[in-house]
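This is target_17.cif (mmCIF, C-alpha atoms and all ligand atoms).
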data_run
loop_
_atom_site.group_PDB
_atom_site.id
_atom_site.type_symbol
_atom_site.label_atom_id
_atom_site.label_comp_id
_atom_site.auth_asym_id
_atom_site.auth_seq_id
_atom_site.Cartn_x
_atom_site.Cartn_y
_atom_site.Cartn_z
ATOM 1 C CA MET A 1 152.929 98.155 67.147
ATOM 2 C CA CYS A 2 152.579 95.984 70.267
ATOM 3 C CA ASN A 3 155.409 95.715 72.831
ATOM 4 C CA SER A 4 155.187 91.984 73.391
ATOM 5 C CA LEU A 5 153.426 88.839 72.250
ATOM 6 C CA LYS A 6 149.699 89.377 71.817
ATOM 7 C CA VAL A 7 146.917 87.107 70.558
ATOM 8 C CA THR A 8 143.560 88.280 69.208
ATOM 9 C CA THR A 9 140.886 85.605 68.842
ATOM 10 C CA PHE A 10 138.694 86.661 65.919
ATOM 11 C CA GLY A 11 136.929 83.280 65.849
ATOM 12 C CA THR A 12 136.472 80.748 68.650
ATOM 13 C CA ARG A 13 133.557 78.595 67.468
ATOM 14 C CA GLY A 14 134.128 75.041 66.283
ATOM 15 C CA SER A 15 132.737 73.156 63.298
ATOM 16 C CA ILE A 16 130.397 75.788 61.783
ATOM 17 C CA PRO A 17 129.646 79.490 62.386
ATOM 18 C CA VAL A 18 126.591 80.246 64.515
ATOM 19 C CA SER A 19 124.403 83.281 64.997
ATOM 20 C CA ASN A 20 121.668 83.281 67.599
ATOM 21 C CA PRO A 21 120.630 85.490 70.513
ATOM 22 C CA GLU A 22 121.896 82.960 73.036
ATOM 23 C CA SER A 23 125.457 82.898 71.667
ATOM 24 C CA ILE A 24 126.310 86.588 71.941
ATOM 25 C CA ILE A 25 128.951 86.622 74.670
ATOM 26 C CA TYR A 26 131.385 84.153 73.101
ATOM 27 C CA GLY A 27 130.425 84.772 69.477
ATOM 28 C CA GLY A 28 129.932 82.555 66.468
ATOM 29 C CA ASN A 29 132.940 83.066 64.165
ATOM 30 C CA THR A 30 134.989 79.971 63.426
ATOM 31 C CA THR A 31 138.695 79.760 64.179
ATOM 32 C CA CYS A 32 141.007 82.632 63.337
ATOM 33 C CA LEU A 33 143.729 84.122 65.515
ATOM 34 C CA ARG A 34 146.097 86.975 64.894
ATOM 35 C CA ILE A 35 149.534 86.837 66.491
ATOM 36 C CA GLU A 36 151.273 90.170 67.090
ATOM 37 C CA SER A 37 154.834 90.659 68.277
ATOM 38 C CA PRO A 38 157.545 93.292 67.974
ATOM 39 C CA CYS A 39 159.494 90.547 66.126
ATOM 40 C CA ILE A 40 157.053 90.726 63.188
ATOM 41 C CA PRO A 41 157.852 93.307 60.457
ATOM 42 C CA LYS A 42 155.175 96.004 60.580
ATOM 43 C CA GLU A 43 153.978 95.492 57.006
ATOM 44 C CA LYS A 44 153.381 91.768 57.667
ATOM 45 C CA ALA A 45 150.591 90.013 59.575
ATOM 46 C CA LEU A 46 150.719 86.553 61.129
ATOM 47 C CA ILE A 47 147.415 84.696 61.250
ATOM 48 C CA VAL A 48 146.518 81.184 62.413
ATOM 49 C CA ASP A 49 143.614 79.646 60.474
ATOM 50 C CA ALA A 50 141.145 81.437 58.235
ATOM 51 C CA GLY A 51 137.755 80.393 59.568
ATOM 52 C CA SER A 52 134.918 82.907 59.304
ATOM 53 C CA GLY A 53 136.756 85.087 61.862
ATOM 54 C CA TYR A 54 139.299 85.841 59.130
ATOM 55 C CA LEU A 55 136.812 88.206 57.494
ATOM 56 C CA PRO A 56 136.739 90.776 60.352
ATOM 57 C CA CYS A 57 140.423 90.106 61.013
ATOM 58 C CA SER A 58 141.387 90.982 57.458
ATOM 59 C CA TYR A 59 139.324 94.188 57.491
ATOM 60 C CA ARG A 60 141.410 95.248 60.461
ATOM 61 C CA LEU A 61 144.582 94.462 58.474
ATOM 62 C CA LEU A 62 143.385 96.696 55.629
ATOM 63 C CA GLY A 63 143.089 99.550 58.116
ATOM 64 C CA GLU A 64 146.716 99.001 59.147
ATOM 65 C CA LYS A 65 147.984 98.934 55.554
ATOM 66 C CA VAL A 66 149.426 95.441 55.924
ATOM 67 C CA HIS A 67 150.516 94.170 52.502
ATOM 68 C CA ASP A 68 151.898 90.747 53.355
ATOM 69 C CA VAL A 69 149.604 88.259 55.125
ATOM 70 C CA HIS A 70 151.007 84.929 56.343
ATOM 71 C CA VAL A 71 148.307 82.398 57.255
ATOM 72 C CA LEU A 72 149.355 79.250 59.126
ATOM 73 C CA PHE A 73 146.715 76.551 58.785
ATOM 74 C CA THR A 74 146.323 73.948 61.492
ATOM 75 C CA HIS A 75 144.383 71.832 58.934
ATOM 76 C CA TYR A 76 141.746 72.284 56.228
ATOM 77 C CA HIS A 77 138.375 71.443 57.759
ATOM 78 C CA HIS A 78 135.852 74.049 56.560
ATOM 79 C CA ASP A 79 135.702 75.837 59.914
ATOM 80 C CA HIS A 80 139.387 76.720 59.491
ATOM 81 C CA THR A 81 139.351 77.809 55.830
ATOM 82 C CA GLN A 82 135.974 79.321 54.911
ATOM 83 C CA GLY A 83 136.946 82.932 55.712
ATOM 84 C CA LEU A 84 139.560 82.854 52.960
ATOM 85 C CA LEU A 85 136.844 82.867 50.298
ATOM 86 C CA LEU A 86 135.465 86.297 51.104
ATOM 87 C CA ALA A 87 138.249 88.133 52.903
ATOM 88 C CA PRO A 88 139.398 91.255 50.993
ATOM 89 C CA PRO A 89 143.114 90.278 50.811
ATOM 90 C CA THR A 90 142.096 87.331 48.611
ATOM 91 C CA PHE A 91 140.961 89.799 45.930
ATOM 92 C CA ILE A 92 143.446 92.669 46.331
ATOM 93 C CA LYS A 93 146.485 92.138 44.139
ATOM 94 C CA SER A 94 148.691 94.542 46.074
ATOM 95 C CA ILE A 95 148.372 92.349 49.186
ATOM 96 C CA LYS A 96 150.404 89.165 49.051
ATOM 97 C CA THR A 97 148.881 86.165 50.854
ATOM 98 C CA HIS A 98 151.134 83.284 51.910
ATOM 99 C CA LEU A 99 149.453 80.039 52.923
ATOM 100 C CA TYR A 100 151.275 77.480 55.083
ATOM 101 C CA GLY A 101 149.890 74.147 56.248
ATOM 102 C CA PRO A 102 150.209 70.394 56.560
ATOM 103 C CA VAL A 103 150.135 67.911 53.684
ATOM 104 C CA ASP A 104 147.897 64.876 54.031
ATOM 105 C CA ALA A 105 148.584 61.321 52.880
ATOM 106 C CA GLY A 106 146.860 62.049 49.551
ATOM 107 C CA GLY A 107 149.161 65.017 48.898
ATOM 108 C CA VAL A 108 146.670 67.768 49.760
ATOM 109 C CA GLY A 109 148.480 70.824 51.093
ATOM 110 C CA PRO A 110 147.589 74.540 51.206
ATOM 111 C CA LYS A 111 147.591 74.985 47.412
ATOM 112 C CA GLU A 112 145.344 71.974 46.742
ATOM 113 C CA MET A 113 142.982 73.076 49.516
ATOM 114 C CA TRP A 114 142.688 76.583 48.078
ATOM 115 C CA LYS A 115 142.134 75.346 44.520
ATOM 116 C CA THR A 116 139.457 72.955 45.706
ATOM 117 C CA ILE A 117 137.382 75.344 47.772
ATOM 118 C CA MET A 118 137.650 78.292 45.378
ATOM 119 C CA GLN A 119 135.967 77.037 42.219
ATOM 120 C CA PRO A 120 132.451 76.700 40.841
ATOM 121 C CA PRO A 121 130.061 75.165 41.733
ATOM 122 C CA TYR A 122 131.207 75.598 45.354
ATOM 123 C CA PHE A 123 132.123 79.274 44.918
ATOM 124 C CA PRO A 124 131.315 81.644 42.036
ATOM 125 C CA VAL A 125 134.867 82.961 41.600
ATOM 126 C CA HIS A 126 137.580 80.714 40.169
ATOM 127 C CA HIS A 127 140.928 80.658 41.984
ATOM 128 C CA LYS A 128 142.778 81.229 38.679
ATOM 129 C CA LEU A 129 141.562 84.826 38.664
ATOM 130 C CA HIS A 130 143.328 85.501 41.976
ATOM 131 C CA GLU A 131 146.420 83.352 41.905
ATOM 132 C CA SER A 132 149.147 85.863 41.088
ATOM 133 C CA HIS A 133 149.376 87.321 44.592
ATOM 134 C CA PHE A 134 149.238 83.978 46.457
ATOM 135 C CA SER A 135 152.140 81.770 47.485
ATOM 136 C CA PHE A 136 151.958 78.309 49.020
ATOM 137 C CA HIS A 137 154.206 76.668 51.596
ATOM 138 C CA PRO A 138 153.403 72.988 52.202
ATOM 139 C CA LEU A 139 154.712 71.705 55.541
ATOM 140 C CA GLU A 140 155.369 68.050 54.731
ATOM 141 C CA PHE A 141 157.294 67.221 57.886
ATOM 142 C CA PRO A 142 156.287 70.019 60.266
ATOM 143 C CA GLN A 143 158.049 68.583 63.277
ATOM 144 C CA THR A 144 161.407 68.869 61.484
ATOM 145 C CA GLN A 145 161.096 72.586 60.690
ATOM 146 C CA VAL A 146 160.785 75.914 62.455
ATOM 147 C CA MET A 147 159.508 79.209 61.126
ATOM 148 C CA LEU A 148 161.655 82.179 62.105
ATOM 149 C CA VAL A 149 160.392 85.760 62.194
ATOM 150 C CA HIS A 150 162.520 88.884 62.607
ATOM 151 C CA ASN A 151 161.341 92.468 62.238
ATOM 152 C CA GLN A 152 164.159 93.341 59.828
ATOM 153 C CA GLY A 153 165.071 89.967 58.348
ATOM 154 C CA GLY A 154 161.503 88.897 57.589
ATOM 155 C CA ILE A 155 160.207 85.320 57.685
ATOM 156 C CA ARG A 156 161.925 82.063 56.755
ATOM 157 C CA MET A 157 161.610 78.321 57.339
ATOM 158 C CA MET A 158 164.593 76.318 58.595
ATOM 159 C CA ASP A 159 165.261 72.686 59.504
ATOM 160 C CA VAL A 160 165.230 72.183 63.266
ATOM 161 C CA ASP A 161 168.670 70.521 63.112
ATOM 162 C CA GLN A 162 170.208 73.489 61.295
ATOM 163 C CA TYR A 163 168.567 75.922 63.707
ATOM 164 C CA GLU A 164 169.895 74.057 66.736
ATOM 165 C CA THR A 165 173.382 73.782 65.244
ATOM 166 C CA LEU A 166 173.488 77.543 64.590
ATOM 167 C CA ASN A 167 172.299 78.203 68.120
ATOM 168 C CA LEU A 168 175.106 76.094 69.529
ATOM 169 C CA LYS A 169 177.663 77.735 67.217
ATOM 170 C CA ASP A 170 177.399 81.488 67.714
ATOM 171 C CA GLY A 171 173.653 81.951 68.241
ATOM 172 C CA TYR A 172 173.242 84.126 65.135
ATOM 173 C CA ILE A 173 170.555 82.961 62.698
ATOM 174 C CA PRO A 174 170.433 84.030 59.010
ATOM 175 C CA ILE A 175 167.044 85.486 58.084
ATOM 176 C CA GLY A 176 166.705 87.474 54.856
ATOM 177 C CA LYS A 177 169.809 89.588 54.280
ATOM 178 C CA GLY A 178 171.054 89.591 57.879
ATOM 179 C CA LYS A 179 171.994 87.417 60.845
ATOM 180 C CA TYR A 180 170.215 87.893 64.141
ATOM 181 C CA PRO A 181 170.462 86.552 67.711
ATOM 182 C CA LYS A 182 167.733 84.231 69.005
ATOM 183 C CA SER A 183 166.785 86.946 71.484
ATOM 184 C CA GLU A 184 165.383 89.035 68.599
ATOM 185 C CA ILE A 185 163.484 86.233 66.852
ATOM 186 C CA LEU A 186 159.964 84.814 67.102
ATOM 187 C CA VAL A 187 160.411 81.044 66.711
ATOM 188 C CA ILE A 188 157.403 78.998 65.605
ATOM 189 C CA SER A 189 157.640 75.249 66.097
ATOM 190 C CA MET A 190 155.128 72.553 65.159
ATOM 191 C CA TYR A 191 153.750 69.270 66.452
ATOM 192 C CA MET A 192 150.943 67.067 65.150
ATOM 193 C CA SER A 193 147.766 67.081 67.223
ATOM 194 C CA ASN A 194 145.323 64.188 67.698
ATOM 195 C CA HIS A 195 142.646 64.800 65.038
ATOM 196 C CA PRO A 196 141.154 62.896 62.071
ATOM 197 C CA GLU A 197 143.307 64.861 59.555
ATOM 198 C CA ASN A 198 146.969 65.868 59.737
ATOM 199 C CA THR A 199 146.711 68.862 62.057
ATOM 200 C CA ILE A 200 149.450 71.122 63.381
ATOM 201 C CA CYS A 201 149.768 72.537 66.888
ATOM 202 C CA TYR A 202 151.820 75.752 66.580
ATOM 203 C CA ALA A 203 154.014 77.027 69.428
ATOM 204 C CA PHE A 204 155.251 80.646 69.376
ATOM 205 C CA ASP A 205 158.397 81.518 71.360
ATOM 206 C CA GLU A 206 159.210 85.209 71.487
ATOM 207 C CA GLY A 207 162.934 85.726 72.022
ATOM 208 C CA LEU A 208 162.612 89.367 73.103
ATOM 209 C CA THR A 209 160.466 88.573 76.141
ATOM 210 C CA GLY A 210 160.794 84.817 76.600
ATOM 211 C CA LYS A 211 156.984 84.574 76.319
ATOM 212 C CA LYS A 212 155.435 81.437 74.849
ATOM 213 C CA PHE A 213 151.991 80.884 73.314
ATOM 214 C CA VAL A 214 150.704 77.489 72.180
ATOM 215 C CA PHE A 215 147.579 76.874 70.104
ATOM 216 C CA LEU A 216 146.361 73.292 70.476
ATOM 217 C CA THR A 217 143.039 73.206 68.664
ATOM 218 C CA ASP A 218 141.249 70.326 66.981
ATOM 219 C CA HIS A 219 142.921 67.959 69.381
ATOM 220 C CA GLU A 220 141.307 65.041 71.147
ATOM 221 C CA ASN A 221 142.145 63.739 74.608
ATOM 222 C CA HIS A 222 145.099 61.391 74.984
ATOM 223 C CA ASP A 223 144.799 58.918 77.845
ATOM 224 C CA SER A 224 148.437 59.693 78.474
ATOM 225 C CA ASN A 225 150.127 62.662 76.787
ATOM 226 C CA PRO A 226 153.156 61.697 74.641
ATOM 227 C CA ASN A 227 156.423 63.182 75.909
ATOM 228 C CA ASP A 228 157.011 64.937 72.566
ATOM 229 C CA LEU A 229 153.708 66.754 72.918
ATOM 230 C CA LYS A 230 154.492 67.755 76.499
ATOM 231 C CA ASN A 231 157.908 69.082 75.451
ATOM 232 C CA HIS A 232 156.305 71.065 72.633
ATOM 233 C CA ILE A 233 153.832 72.801 74.967
ATOM 234 C CA LYS A 234 156.057 72.967 78.041
ATOM 235 C CA GLY A 235 156.173 76.227 79.962
ATOM 236 C CA ALA A 236 153.529 78.016 77.875
ATOM 237 C CA ASP A 237 152.544 81.367 79.338
ATOM 238 C CA LEU A 238 149.294 80.992 77.400
ATOM 239 C CA LEU A 239 147.940 77.652 76.200
ATOM 240 C CA VAL A 240 144.723 77.782 74.154
ATOM 241 C CA MET A 241 143.131 74.354 73.803
ATOM 242 C CA ASP A 242 140.203 72.713 72.075
ATOM 243 C CA CYS A 243 137.501 72.130 74.700
ATOM 244 C CA GLN A 244 134.448 71.501 72.560
ATOM 245 C CA TYR A 245 132.678 68.927 74.717
ATOM 246 C CA SER A 246 131.708 68.367 78.312
ATOM 247 C CA ARG A 247 133.010 65.092 79.722
ATOM 248 C CA LEU A 248 129.443 63.767 79.721
ATOM 249 C CA LYS A 249 128.838 64.544 76.040
ATOM 250 C CA TYR A 250 132.246 63.146 75.108
ATOM 251 C CA ASP A 251 131.707 59.874 76.957
ATOM 252 C CA SER A 252 128.160 59.404 75.692
ATOM 253 C CA MET A 253 128.440 60.576 72.090
ATOM 254 C CA THR A 254 131.493 62.363 70.717
ATOM 255 C CA ALA A 255 134.594 60.305 71.595
ATOM 256 C CA GLY A 256 136.614 59.883 68.389
ATOM 257 C CA TYR A 257 135.396 63.179 66.851
ATOM 258 C CA GLY A 258 138.805 64.807 67.422
ATOM 259 C CA HIS A 259 138.002 67.311 70.179
ATOM 260 C CA GLY A 260 138.784 67.773 73.852
ATOM 261 C CA THR A 261 137.140 68.000 77.274
ATOM 262 C CA PRO A 262 137.659 70.324 80.285
ATOM 263 C CA ASP A 263 139.289 67.728 82.559
ATOM 264 C CA TYR A 264 141.803 66.794 79.837
ATOM 265 C CA CYS A 265 142.655 70.439 79.075
ATOM 266 C CA VAL A 266 143.294 71.141 82.753
ATOM 267 C CA ARG A 267 145.349 67.965 83.205
ATOM 268 C CA THR A 268 147.487 68.874 80.179
ATOM 269 C CA ALA A 269 148.001 72.476 81.312
ATOM 270 C CA ARG A 270 149.101 71.249 84.728
ATOM 271 C CA GLU A 271 151.456 68.604 83.299
ATOM 272 C CA VAL A 272 153.322 71.148 81.161
ATOM 273 C CA GLY A 273 153.320 74.019 83.649
ATOM 274 C CA ALA A 274 151.141 76.342 81.544
ATOM 275 C CA LYS A 275 150.367 79.555 83.411
ATOM 276 C CA LEU A 276 147.107 80.473 81.680
ATOM 277 C CA LEU A 277 144.704 78.100 79.939
ATOM 278 C CA GLY A 278 142.158 79.359 77.375
ATOM 279 C CA LEU A 279 139.313 77.115 76.206
ATOM 280 C CA THR A 280 138.223 77.351 72.578
ATOM 281 C CA HIS A 281 136.539 75.604 69.598
ATOM 282 C CA HIS A 282 133.151 75.930 71.274
ATOM 283 C CA ASP A 283 130.497 73.455 70.207
ATOM 284 C CA PRO A 284 128.124 75.062 67.642
ATOM 285 C CA ASN A 285 125.253 73.647 69.711
ATOM 286 C CA ALA A 286 126.522 75.317 72.879
ATOM 287 C CA LYS A 287 124.778 78.525 73.936
ATOM 288 C CA ASP A 288 126.603 81.024 76.150
ATOM 289 C CA LEU A 289 125.298 79.251 79.253
ATOM 290 C CA ASP A 290 126.606 75.911 77.991
ATOM 291 C CA VAL A 291 130.019 77.440 77.245
ATOM 292 C CA GLU A 292 130.043 78.780 80.806
ATOM 293 C CA GLY A 293 129.145 75.283 81.992
ATOM 294 C CA ILE A 294 132.275 73.971 80.252
ATOM 295 C CA LEU A 295 134.342 76.623 82.070
ATOM 296 C CA ALA A 296 132.771 75.666 85.404
ATOM 297 C CA GLU A 297 133.621 72.033 84.687
ATOM 298 C CA ALA A 298 137.240 73.021 84.003
ATOM 299 C CA LYS A 299 137.425 75.186 87.131
ATOM 300 C CA ALA A 300 136.149 72.304 89.241
ATOM 301 C CA CYS A 301 139.305 70.332 88.416
ATOM 302 C CA VAL A 302 141.756 73.192 88.089
ATOM 303 C CA PRO A 303 144.778 73.204 90.406
ATOM 304 C CA ARG A 304 145.730 76.463 92.039
ATOM 305 C CA GLU A 305 148.743 77.075 89.785
ATOM 306 C CA VAL A 306 146.687 77.195 86.533
ATOM 307 C CA ASP A 307 144.324 80.013 85.671
ATOM 308 C CA VAL A 308 141.589 79.116 83.177
ATOM 309 C CA PHE A 309 139.230 81.218 81.041
ATOM 310 C CA THR A 310 136.948 80.860 78.036
ATOM 311 C CA CYS A 311 138.053 82.444 74.747
ATOM 312 C CA ARG A 312 135.561 84.671 72.943
ATOM 313 C CA ASP A 313 135.525 86.344 69.563
ATOM 314 C CA TYR A 314 137.482 89.632 69.277
ATOM 315 C CA GLN A 315 139.304 89.074 72.559
ATOM 316 C CA GLU A 316 142.798 90.575 72.846
ATOM 317 C CA ILE A 317 145.137 88.664 75.140
ATOM 318 C CA GLU A 318 148.603 89.877 76.209
ATOM 319 C CA VAL A 319 150.647 86.699 76.608
HETATM 320 ZN ZN ZN B 401 137.741 72.794 63.834
HETATM 321 ZN ZN ZN B 402 139.007 69.844 62.484
#
Could you quickly redo this structure as structure tokens?
Amino acid sequence: MCNSLKVTTFGTRGSIPVSNPESIIYGGNTTCLRIESPCIPKEKALIVDAGSGYLPCSYRLLGEKVHDVHVLFTHYHHDHTQGLLLAPPTFIKSIKTHLYGPVDAGGVGPKEMWKTIMQPPYFPVHHKLHESHFSFHPLEFPQTQVMLVHNQGGIRMMDVDQYETLNLKDGYIPIGKGKYPKSEILVISMYMSNHPENTICYAFDEGLTGKKFVFLTDHENHDSNPNDLKNHIKGADLLVMDCQYSRLKYDSMTAGYGHGTPDYCVRTAREVGAKLLGLTHHDPNAKDLDVEGILAEAKACVPREVDVFTCRDYQEIEV
């Protein structure tokens, strides 16, 4: 068990997995992160997105005898869901998989996504054969809820208003069969990012250490960041952001695609006082040298108070 908030990036590629000899350093798995914290019960795992990186991630979970996997989806583009189809927990009845995610205007949430992708002729196995050990948690109004995690109480959702009222009252929050102080809880809050589909930016606040991690992927530049977004990210010890395109490629071709640039990531990190900025969602056309070019572009505009690095597959980061 880890002593404080830790993030492992099992997939950092955007759009589609890649495999070629010039993309070895940063890897080719699509988005999947594992969040570890002493606040998480040891039989449970907390995952963000199930891109192709979810396959190696879930093999690691099998080795740890995890039997309760909670996957928070930012959204349902293929690069964030495709690992679900072949990951062992999907087929092992003794492992319960809980899917959380946004609901779009047409009513598509985690359950509809899963039923759509897991059926012939798109996939040879029908979801009905593996439904009994799945549960679905649509997040219709993510900005009005928080997810609370306690190593004895378990995991629950709560309205933000109720959570804040309890905090003001005596600071003890009911989770499972007990009541626990904020200082023992991992609080996960949500904000919508700037992307073609409803997409959630998750922020993880660990009460035990005061550490904060924010994952802002599949997010396109704002000319001016909304105050709500800045408040959501504010003070992050680690901010991982979508930085798929160079400024040149963005201006000449990819504006409106829903992804970010190095100058915008650095500006945002500086505005919210983030201590460490990680760049992710690498362009599938970018070789290692191109990814390093993106980092160099970010470093050229980085102020002294922000440290910036490039995320790579299988990287373990202590927040
Ligand atoms: Zn994506
Ligand atoms: Zn996307």
Give me, as a tab-separated table, each residue of stretch 68-158 of chain A that comes within 9 Å of stretch 183-207 of chain A, together with its shortest interatomic pair and the distance in Å at one decimal, counting only C-alpha atoms, with rows ordered by chain and rising residue number.
residue	atom	partner	partner_atom	distance
A:Leu72	CA	A:Tyr202	CA	8.6
A:Phe73	CA	A:Ile200	CA	7.6
A:Thr74	CA	A:Ile200	CA	4.6
A:His75	CA	A:Thr199	CA	4.9
A:Tyr76	CA	A:Glu197	CA	8.3
A:His77	CA	A:Glu197	CA	8.4
A:Gly101	CA	A:Ile200	CA	7.8
A:Pro102	CA	A:Asn198	CA	6.4
A:Val103	CA	A:Asn198	CA	7.1
A:Asp104	CA	A:Asn198	CA	5.9
A:Ala105	CA	A:Asn198	CA	8.4
A:Pro142	CA	A:Met190	CA	5.6
A:Gln143	CA	A:Met190	CA	5.3
A:Thr144	CA	A:Met190	CA	8.2
A:Gln145	CA	A:Ser189	CA	6.9
A:Val146	CA	A:Ser189	CA	4.9
A:Met147	CA	A:Ile188	CA	5.0
A:Leu148	CA	A:Val187	CA	4.9
A:Val149	CA	A:Leu186	CA	5.0
A:His150	CA	A:Ile185	CA	5.1
A:Asn151	CA	A:Ile185	CA	8.0
**Report entry** Best match for closeness to A:Phe141 among A:Asp159, A:Asp251, A:Glu318, A:Glu220, counting only C-alpha atoms
**Finding:** A:Asp159
Report task. Using all atoms listed in the file, determine which residues fall within 10 Å of ligand ZN 401 (chain B), then list them as JSON, numbers by chain. Result -> {"A": [12, 13, 14, 15, 16, 30, 31, 49, 51, 74, 75, 76, 77, 78, 79, 80, 81, 195, 199, 217, 218, 219, 242, 244, 258, 259, 280, 281, 282, 283]}
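Those residues returned by the PyMOL selection byres (((chain A and resi 171) around 12) and not hetatm) for this file are Gln162, Tyr163, Glu164, Thr165, Leu166, Asn167, Leu168, Lys169, Asp170, Tyr172, Ile173, Pro174, Lys179, Tyr180, Pro181, Lys182, Ser183, Glu184, Ile185 and Gly207 of chain A.
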Query - the PyMOL selection byres (((chain A and resi 299) around 9) and not hetatm) applied to the shown file, residues as a list of chain:residue names - result: A:Pro262, A:Asp263, A:Val266, A:Ile294, A:Leu295, A:Ala296, A:Glu297, A:Ala298, A:Ala300, A:Cys301, A:Val302, A:Pro303, A:Asp307, A:Val308, A:Phe309
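Picture a line from atom CA of A:His67 to atom CA of A:Ala87; it runs 13.7 Å.
Atom to atom, atom CA of A:Lys6 and atom CA of A:Glu316 stand 7.1 Å apart.
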